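Structure file target_15.tsv; described as TSV, C-alpha atoms.
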```tsv
chain	number	residue	atom	x	y	z
A	50	MET	CA	151.53	137.26	18.02
A	51	PRO	CA	155.05	138.52	18.53
A	52	VAL	CA	158.02	138.86	16.25
A	53	VAL	CA	160.52	136.18	17.26
A	54	ILE	CA	164.13	137.36	17.20
A	55	SER	CA	166.58	134.46	17.22
A	56	TYR	CA	170.25	135.01	17.88
A	57	ARG	CA	173.44	133.55	19.25
A	58	HIS	CA	175.03	134.84	22.43
A	59	GLN	CA	177.69	136.91	20.64
A	60	HIS	CA	174.92	138.87	18.86
A	61	ARG	CA	172.77	139.61	21.92
A	62	LEU	CA	173.30	143.37	21.70
A	63	ASP	CA	172.00	143.44	18.13
A	64	ALA	CA	169.04	141.28	19.15
A	65	TYR	CA	168.18	143.57	22.07
A	66	VAL	CA	168.46	146.68	19.90
A	67	ILE	CA	166.10	145.12	17.34
A	68	SER	CA	163.66	144.11	20.06
A	69	GLU	CA	163.63	147.55	21.68
A	70	ARG	CA	163.18	149.28	18.32
A	71	LEU	CA	160.17	147.12	17.50
A	72	LYS	CA	158.68	147.59	20.97
A	73	LEU	CA	158.85	151.36	20.49
A	74	GLU	CA	156.51	150.86	17.54
A	75	GLY	CA	154.08	148.74	19.55
A	76	ILE	CA	155.28	145.45	18.07
A	77	ALA	CA	155.53	142.59	20.55
A	78	THR	CA	158.78	140.63	20.46
A	79	HIS	CA	160.21	137.44	21.88
A	80	LEU	CA	163.97	136.87	22.09
A	81	ASP	CA	165.30	133.36	21.48
A	82	LEU	CA	168.88	132.49	22.28
A	83	PHE	CA	170.18	129.50	20.32
A	84	ASP	CA	173.65	128.60	21.40
A	85	GLY	CA	175.46	125.28	21.65
A	86	ASP	CA	177.18	126.61	24.76
A	87	ALA	CA	173.83	127.04	26.52
A	88	GLY	CA	173.47	123.30	27.06
A	89	HIS	CA	170.72	122.82	24.47
A	90	THR	CA	170.63	119.51	22.64
A	91	ALA	CA	169.58	119.27	18.99
A	92	ASP	CA	166.17	117.97	20.14
A	93	ASP	CA	165.80	120.91	22.55
A	94	ILE	CA	166.65	123.42	19.84
A	95	SER	CA	164.42	121.88	17.16
A	96	GLY	CA	161.51	121.69	19.62
A	97	LEU	CA	162.00	125.32	20.67
A	98	LEU	CA	162.29	126.44	17.05
A	99	CYS	CA	159.06	124.75	16.04
A	100	SER	CA	157.23	126.00	19.12
A	101	ASN	CA	158.40	129.57	18.61
A	102	ILE	CA	157.53	129.52	14.91
A	103	ARG	CA	153.97	128.45	15.77
A	104	SER	CA	153.65	131.33	18.24
A	105	CYS	CA	154.80	134.14	15.94
A	106	THR	CA	153.84	135.91	12.75
A	107	HIS	CA	157.30	137.22	11.88
A	108	LEU	CA	160.82	135.93	12.41
A	109	ILE	CA	164.04	137.92	12.46
A	110	THR	CA	167.20	135.82	12.57
A	111	VAL	CA	170.35	137.66	13.63
A	112	LEU	CA	173.26	136.27	11.62
A	113	SER	CA	176.92	136.57	10.90
A	114	GLN	CA	179.03	134.42	8.62
A	115	GLU	CA	180.12	132.34	11.61
A	116	ASN	CA	176.64	131.25	12.62
A	117	ALA	CA	174.98	131.24	9.18
A	118	ASP	CA	176.37	127.76	8.64
A	119	THR	CA	174.98	126.24	11.83
A	120	TRP	CA	172.37	123.54	11.29
A	121	TRP	CA	169.57	125.35	13.09
A	122	VAL	CA	169.51	128.34	10.70
A	123	PRO	CA	168.21	126.47	7.62
A	124	PHE	CA	166.02	124.33	9.89
A	125	GLN	CA	164.43	127.45	11.39
A	126	LEU	CA	164.03	129.18	8.03
A	127	GLY	CA	162.47	126.06	6.54
A	128	ALA	CA	160.01	125.72	9.42
A	129	ALA	CA	159.08	129.40	9.14
A	130	THR	CA	158.65	129.17	5.37
A	131	LEU	CA	156.46	126.05	5.62
A	132	SER	CA	154.31	127.89	8.18
A	133	ASN	CA	154.06	130.98	5.93
A	134	ARG	CA	155.74	133.20	8.50
A	135	ARG	CA	157.31	136.46	7.44
A	136	VAL	CA	161.08	136.07	7.59
A	137	ALA	CA	163.84	138.69	7.66
A	138	LEU	CA	167.51	138.34	8.45
A	139	TYR	CA	169.70	140.83	10.26
A	140	GLN	CA	173.33	140.62	9.16
A	141	CYS	CA	175.69	141.64	11.97
A	142	ALA	CA	179.00	141.66	10.19
A	143	GLU	CA	180.27	142.83	6.83
A	144	SER	CA	181.23	139.30	5.83
A	145	PRO	CA	179.07	137.70	3.12
A	146	LEU	CA	176.29	135.29	3.97
A	147	PRO	CA	175.61	132.05	2.07
A	148	ASP	CA	173.72	132.55	-1.21
A	149	TYR	CA	170.70	130.50	-0.14
A	150	LEU	CA	169.80	133.27	2.34
A	151	ASP	CA	169.14	135.72	-0.53
A	152	LYS	CA	165.58	134.35	-0.71
A	153	TRP	CA	164.68	136.49	2.31
A	154	PRO	CA	165.16	140.20	3.03
A	155	ILE	CA	168.55	140.88	4.60
A	156	MET	CA	168.79	143.88	6.89
A	157	SER	CA	172.26	145.11	7.75
A	158	GLU	CA	171.75	148.61	9.11
A	159	ARG	CA	169.65	150.07	11.88
A	160	ALA	CA	167.79	152.10	9.26
A	161	HIS	CA	166.59	148.82	7.77
A	162	LEU	CA	164.69	148.16	11.00
A	163	ASP	CA	162.58	151.23	10.21
A	164	LEU	CA	161.77	149.64	6.85
A	165	PHE	CA	160.82	146.39	8.59
A	166	VAL	CA	158.49	148.35	10.88
A	167	LEU	CA	156.96	150.08	7.86
A	168	ALA	CA	156.43	146.75	6.06
A	169	TYR	CA	154.96	145.24	9.24
A	170	HIS	CA	152.47	148.08	9.63
A	171	ASP	CA	151.67	148.10	5.89
A	172	GLU	CA	150.74	144.45	6.23
A	173	GLN	CA	148.28	145.34	9.00
A	174	THR	CA	146.89	148.32	7.08
A	175	PHE	CA	146.28	146.39	3.86
A	176	ASN	CA	144.87	143.29	5.61
A	177	ARG	CA	147.70	141.00	4.56
A	178	SER	CA	148.34	139.73	8.09
A	179	LEU	CA	148.65	136.06	8.83
A	180	ALA	CA	145.12	134.64	8.59
A	181	LYS	CA	143.83	131.80	10.76
A	182	GLU	CA	145.77	128.70	9.79
A	183	ASP	CA	143.64	126.20	7.90
A	184	ASN	CA	143.57	124.71	4.42
A	185	ASP	CA	141.42	127.53	3.05
A	186	ASN	CA	143.89	130.22	4.11
A	187	ASP	CA	147.14	128.39	3.30
A	188	ALA	CA	147.45	129.78	-0.24
A	189	LEU	CA	146.51	133.28	0.92
A	190	ASN	CA	149.05	133.19	3.76
A	191	ARG	CA	151.76	131.95	1.38
A	192	LEU	CA	150.94	134.72	-1.11
A	193	ASN	CA	150.96	137.39	1.61
A	194	ALA	CA	154.25	136.11	3.05
A	195	GLY	CA	155.78	136.30	-0.42
A	196	PHE	CA	154.46	139.83	-0.80
A	197	PHE	CA	155.95	140.84	2.56
A	198	HIS	CA	159.36	139.44	1.58
A	199	ALA	CA	159.33	141.12	-1.85
A	200	ASP	CA	158.11	144.42	-0.37
A	201	LEU	CA	160.75	144.52	2.37
A	202	LYS	CA	163.52	143.52	-0.06
A	203	ALA	CA	162.46	146.35	-2.38
A	204	LYS	CA	162.33	148.85	0.48
A	205	ILE	CA	165.85	147.85	1.58
A	206	ARG	CA	167.17	148.02	-1.99
A	207	ARG	CA	165.65	151.51	-2.49
A	208	GLY	CA	166.46	152.72	1.01
A	209	PHE	CA	162.89	153.84	1.77
```
Please express the file's structure as structure tokens.
Amino acid sequence: MPVVISYRHQHRLDAYVISERLKLEGIATHLDLFDGDAGHTADDISGLLCSNIRSCTHLITVLSQENADTWWVPFQLGAATLSNRRVALYQCAESPLPDYLDKWPIMSERAHLDLFVLAYHDEQTFNRSLAKEDNDNDALNRLNAGFFHADLKAKIRRGF
């Protein structure tokens, strides 16, 4: 399953750079543009978000202060969290993000993408990947998602 990279039009370059970096490491990606100017209704966006969350194992949301307050960001993060997906944020600008986003790892430099790749591959190596979704694996998937988030946050904080 791919890593879904969601972004707004003004951050497309960052999204493409992230996608290409992950592809170089053999990680499949899917780019999702969420923009009010694209003619999407709220129903269209929520349907796409839920569909894309179901089809991925990891989510990277490209954010700046301007789009961190849009309704679809907490909706998407909530859907990903409920589905035990691994979530990371990529901060485009120097401006601060809302405090509620501190729950997830926040990448802000290209070097942080290397740490994401390392955490992604560590998850594969140590068999902490998303297990088949059923009631028996729900607790394990939640635990492993939490471990991924804590591990990536620690890697970013340390710088390696």
Kindly provide the residues of segment 93-148 of chain A that approach segment 55-70 of chain A to within 8 Å, each paired with its closest atom pair and their distance in Å to one decimal, based on all atoms listed in the file, listed by chain and increasing number, as JSON lines.
```
{"residue": "A:Leu108", "atom": "CA", "partner": "A:Ser55", "partner_atom": "CA", "distance": 7.6}
{"residue": "A:Ile109", "atom": "CA", "partner": "A:Ser55", "partner_atom": "CA", "distance": 6.4}
{"residue": "A:Thr110", "atom": "CA", "partner": "A:Ser55", "partner_atom": "CA", "distance": 4.9}
{"residue": "A:Val111", "atom": "CA", "partner": "A:Tyr56", "partner_atom": "CA", "distance": 5.0}
{"residue": "A:Leu112", "atom": "CA", "partner": "A:Tyr56", "partner_atom": "CA", "distance": 7.1}
{"residue": "A:Asn116", "atom": "CA", "partner": "A:Arg57", "partner_atom": "CA", "distance": 7.7}
{"residue": "A:Cys141", "atom": "CA", "partner": "A:Asp63", "partner_atom": "CA", "distance": 7.4}
```
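Note that the spacing between atom CA of Leu192 of chain A and atom CA of Leu179 of chain A amounts to 10.3 Å.
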Tell me which protein, DNA and RNA residues are within 7 Å of Ala77 of chain A, counting only C-alpha atoms, leaving out same-chain ones fewer than 5 positions away, and put them as a PyMOL selection string.
chain A and resi 51-52+72
Let me have the centre and edge lengths in Å, one decimal, of the box along x, y and z around every listed atom of segment 196-204 of chain A with 6 Å of margin on each side, as lines of an AutoDock Vina configuration file.
```
center_x = 159.0
center_y = 144.1
center_z = 0.1
size_x = 21.1
size_y = 21.4
size_z = 16.9
```
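With atom CA of Phe197 of chain A on one side and atom CA of His79 of chain A on the other, the separation reads 20.1 Å.
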Do you have the atom CA of Phe175 of chain A-atom CA of Leu71 of chain A distance handy?
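Separation of atom CA of Phe175 of chain A and atom CA of Leu71 of chain A: 19.5 Å.
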With only C-alpha atoms as the atoms that count, which of A:Val53, A:Leu146, A:Val166, A:Ile76 lies nearest to Ser100 of chain A?
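Using only C-alpha atoms, Ser100 of chain A sits closest to A:Val53.
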Smallest atom-to-atom distance to Leu73 of chain A: which of A:Glu172, A:Asp163, A:Asp151, A:Glu182, using all atoms listed in the file?
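Smallest separation from Leu73 of chain A among the options: A:Asp163.
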Fewer than 6 positions away in the same chain doesn't count, so skip those; otherwise give me all residues within 12 Å of Asn184 of chain A, counting only C-alpha atoms, as a list in words.
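After dropping sequence-adjacent residues, the list is Ser132, Asn190 and Arg191 of chain A.
The residue that comes closest to Gln173 of chain A, out of A:Phe83, A:Ala137, A:Ile205, A:Asn193 and on the basis of all atoms listed in the file, is A:Asn193.
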Could you model N, CA and C atoms for segment 137-157 of chain A and present them as a short mmCIF file (atom, residue, chain, number, x, y, z; two decimals), in the frame of the given file?
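part23.cif, written as the output of this step:
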```cif
data_model
loop_
_atom_site.label_atom_id
_atom_site.label_comp_id
_atom_site.auth_asym_id
_atom_site.auth_seq_id
_atom_site.Cartn_x
_atom_site.Cartn_y
_atom_site.Cartn_z
N ALA A 137 162.81 137.70 8.01
CA ALA A 137 163.84 138.69 7.66
C ALA A 137 165.10 138.29 8.41
N LEU A 138 166.22 138.63 7.84
CA LEU A 138 167.51 138.34 8.45
C LEU A 138 168.18 139.65 8.80
N TYR A 139 168.92 139.65 9.89
CA TYR A 139 169.70 140.83 10.26
C TYR A 139 171.16 140.41 10.26
N GLN A 140 171.92 140.96 9.32
CA GLN A 140 173.33 140.62 9.16
C GLN A 140 174.17 141.52 10.06
N CYS A 141 174.91 140.89 10.99
CA CYS A 141 175.69 141.64 11.97
C CYS A 141 177.03 142.12 11.45
N ALA A 142 177.64 141.35 10.62
CA ALA A 142 179.00 141.66 10.19
C ALA A 142 179.02 141.95 8.69
N GLU A 143 180.12 142.51 8.24
CA GLU A 143 180.27 142.83 6.83
C GLU A 143 180.52 141.60 5.97
N SER A 144 180.89 140.50 6.59
CA SER A 144 181.23 139.30 5.83
C SER A 144 179.99 138.76 5.09
N PRO A 145 180.20 138.17 3.93
CA PRO A 145 179.07 137.70 3.12
C PRO A 145 178.36 136.50 3.76
N LEU A 146 177.08 136.42 3.50
CA LEU A 146 176.29 135.29 3.97
C LEU A 146 176.14 134.28 2.83
N PRO A 147 175.82 133.04 3.13
CA PRO A 147 175.61 132.05 2.07
C PRO A 147 174.50 132.50 1.10
N ASP A 148 174.65 132.12 -0.16
CA ASP A 148 173.72 132.55 -1.21
C ASP A 148 172.28 132.12 -0.97
N TYR A 149 172.07 130.97 -0.32
CA TYR A 149 170.70 130.50 -0.14
C TYR A 149 169.87 131.45 0.71
N LEU A 150 170.53 132.32 1.48
CA LEU A 150 169.80 133.27 2.34
C LEU A 150 169.24 134.46 1.55
N ASP A 151 169.64 134.61 0.29
CA ASP A 151 169.14 135.72 -0.53
C ASP A 151 167.64 135.64 -0.80
N LYS A 152 167.03 134.50 -0.53
CA LYS A 152 165.58 134.35 -0.71
C LYS A 152 164.81 135.33 0.18
N TRP A 153 165.36 135.65 1.34
CA TRP A 153 164.68 136.49 2.31
C TRP A 153 165.32 137.87 2.38
N PRO A 154 164.58 138.85 2.86
CA PRO A 154 165.16 140.20 3.03
C PRO A 154 166.30 140.16 4.05
N ILE A 155 167.40 140.82 3.71
CA ILE A 155 168.55 140.88 4.60
C ILE A 155 168.76 142.32 5.03
N MET A 156 168.56 142.56 6.32
CA MET A 156 168.79 143.88 6.89
C MET A 156 170.22 143.90 7.44
N SER A 157 170.89 145.02 7.25
CA SER A 157 172.26 145.11 7.75
C SER A 157 172.56 146.44 8.43
#
```
